[in-house]
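Take a look at the structure below.
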Amino acid sequence: MRATRSWLALLTAAVALTGCAKHVDTRVAGDDDAAIDGLEARLDELRAREQGDDLTCAEQCAVSARTCTTAEEFCALVEKQSDRDDLPPRCARAREQCAGAGDGCTRCQTP
């Protein structure tokens, strides 16, 4: 009787441990969403920095380069989310921000 209880307890533990396994998709949309939100926040910070009046030409061009790099990272993530209609316009805005920042850099370099 005692051996049966031990065997039953062992069997119950084995079933419990193997029954809890779950398949987890390694591609999690939340991770991409968080990255997209983070890149948009970085673009907002760069926009605010660019609009400041205290930038030298070198700083303006550095902000422009960071803006364009961030915009391209952003758009690369957007392309991976082809099923979402809300993201392409946001990518277009990011690229427009890059173009505007580039114009600001060019203007300060032209005498």
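Each chain in the structure tokens gets a letter, A, B, ..., in the order shown, and its residues are numbered from 1; ligands are numbered from 1 in order too.
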
What lies within 9 Å of Gly100 of chain A using only C-alpha atoms, ignoring chain neighbours under 5 positions off, as a list in words?
->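 With the cut-off at 9 Å, the set is Ser64, Arg95 and Cys105 of chain A.
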
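Summary of the local environment: counting only C-alpha atoms, residues at most 10 Å from Arg47 of chain A, other than itself and those fewer than 2 positions away along its chain, are A:Ala41, A:Arg42, A:Leu43, A:Asp44, A:Glu45, A:Arg49, A:Glu50, A:Gln51, A:Gly52, A:Val63, A:Ser64, A:Thr67, A:Gln97, A:Cys98, A:Gly100, A:Ala101.
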
Selected residues, N, CA and C atoms, written as a short mmCIF file (atom, residue, chain, number, x, y, z; two decimals), in the first residue's frame, please.
data_model
loop_
_atom_site.label_atom_id
_atom_site.label_comp_id
_atom_site.auth_asym_id
_atom_site.auth_seq_id
_atom_site.Cartn_x
_atom_site.Cartn_y
_atom_site.Cartn_z
N ALA A 41 10.00 57.70 -29.85
CA ALA A 41 10.36 58.61 -28.76
C ALA A 41 11.71 59.26 -29.04
N ARG A 42 12.66 58.48 -29.56
CA ARG A 42 13.97 59.03 -29.90
C ARG A 42 13.85 60.07 -31.01
N LEU A 43 12.98 59.80 -32.00
CA LEU A 43 12.75 60.78 -33.07
C LEU A 43 12.15 62.07 -32.51
N ASP A 44 11.24 61.95 -31.55
CA ASP A 44 10.66 63.14 -30.91
C ASP A 44 11.73 63.95 -30.19
N GLU A 45 12.61 63.26 -29.49
CA GLU A 45 13.71 63.94 -28.79
C GLU A 45 14.63 64.64 -29.77
N ARG A 49 15.45 68.61 -30.15
CA ARG A 49 16.84 69.08 -30.13
C ARG A 49 17.15 69.91 -31.38
N GLU A 50 16.65 69.45 -32.51
CA GLU A 50 16.89 70.15 -33.77
C GLU A 50 16.24 71.54 -33.77
N GLN A 51 15.10 71.65 -33.14
CA GLN A 51 14.38 72.92 -33.13
C GLN A 51 14.97 73.93 -32.16
N GLY A 52 15.91 73.49 -31.34
CA GLY A 52 16.57 74.42 -30.44
C GLY A 52 17.44 75.40 -31.22
N VAL A 63 22.84 65.88 -35.38
CA VAL A 63 21.44 65.55 -35.08
C VAL A 63 20.77 65.02 -36.34
N SER A 64 21.07 65.62 -37.47
CA SER A 64 20.51 65.16 -38.74
C SER A 64 20.91 63.72 -39.02
N THR A 67 19.06 61.45 -36.70
CA THR A 67 17.65 61.39 -37.09
C THR A 67 17.45 60.42 -38.24
N GLN A 97 11.00 63.67 -41.51
CA GLN A 97 11.80 64.30 -40.46
C GLN A 97 13.27 64.23 -40.81
N CYS A 98 13.71 63.10 -41.34
CA CYS A 98 15.09 62.94 -41.78
C CYS A 98 15.42 63.95 -42.86
N GLY A 100 13.95 66.80 -43.50
CA GLY A 100 13.96 68.15 -42.92
C GLY A 100 15.23 68.42 -42.13
N ALA A 101 15.68 67.43 -41.40
CA ALA A 101 16.91 67.58 -40.63
C ALA A 101 18.10 67.73 -41.58
#

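Between Ile36 of chain A and the residues A:Cys75, A:Gln60, A:Cys68, A:Asp54, the shortest atom-to-atom distance, using only C-alpha atoms, involves A:Cys75.
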
Helix (DSSP H, G or I) positions in segment 20-111 of chain A, given as a PyMOL selection string = chain A and resi 29-50+57-80+87-109
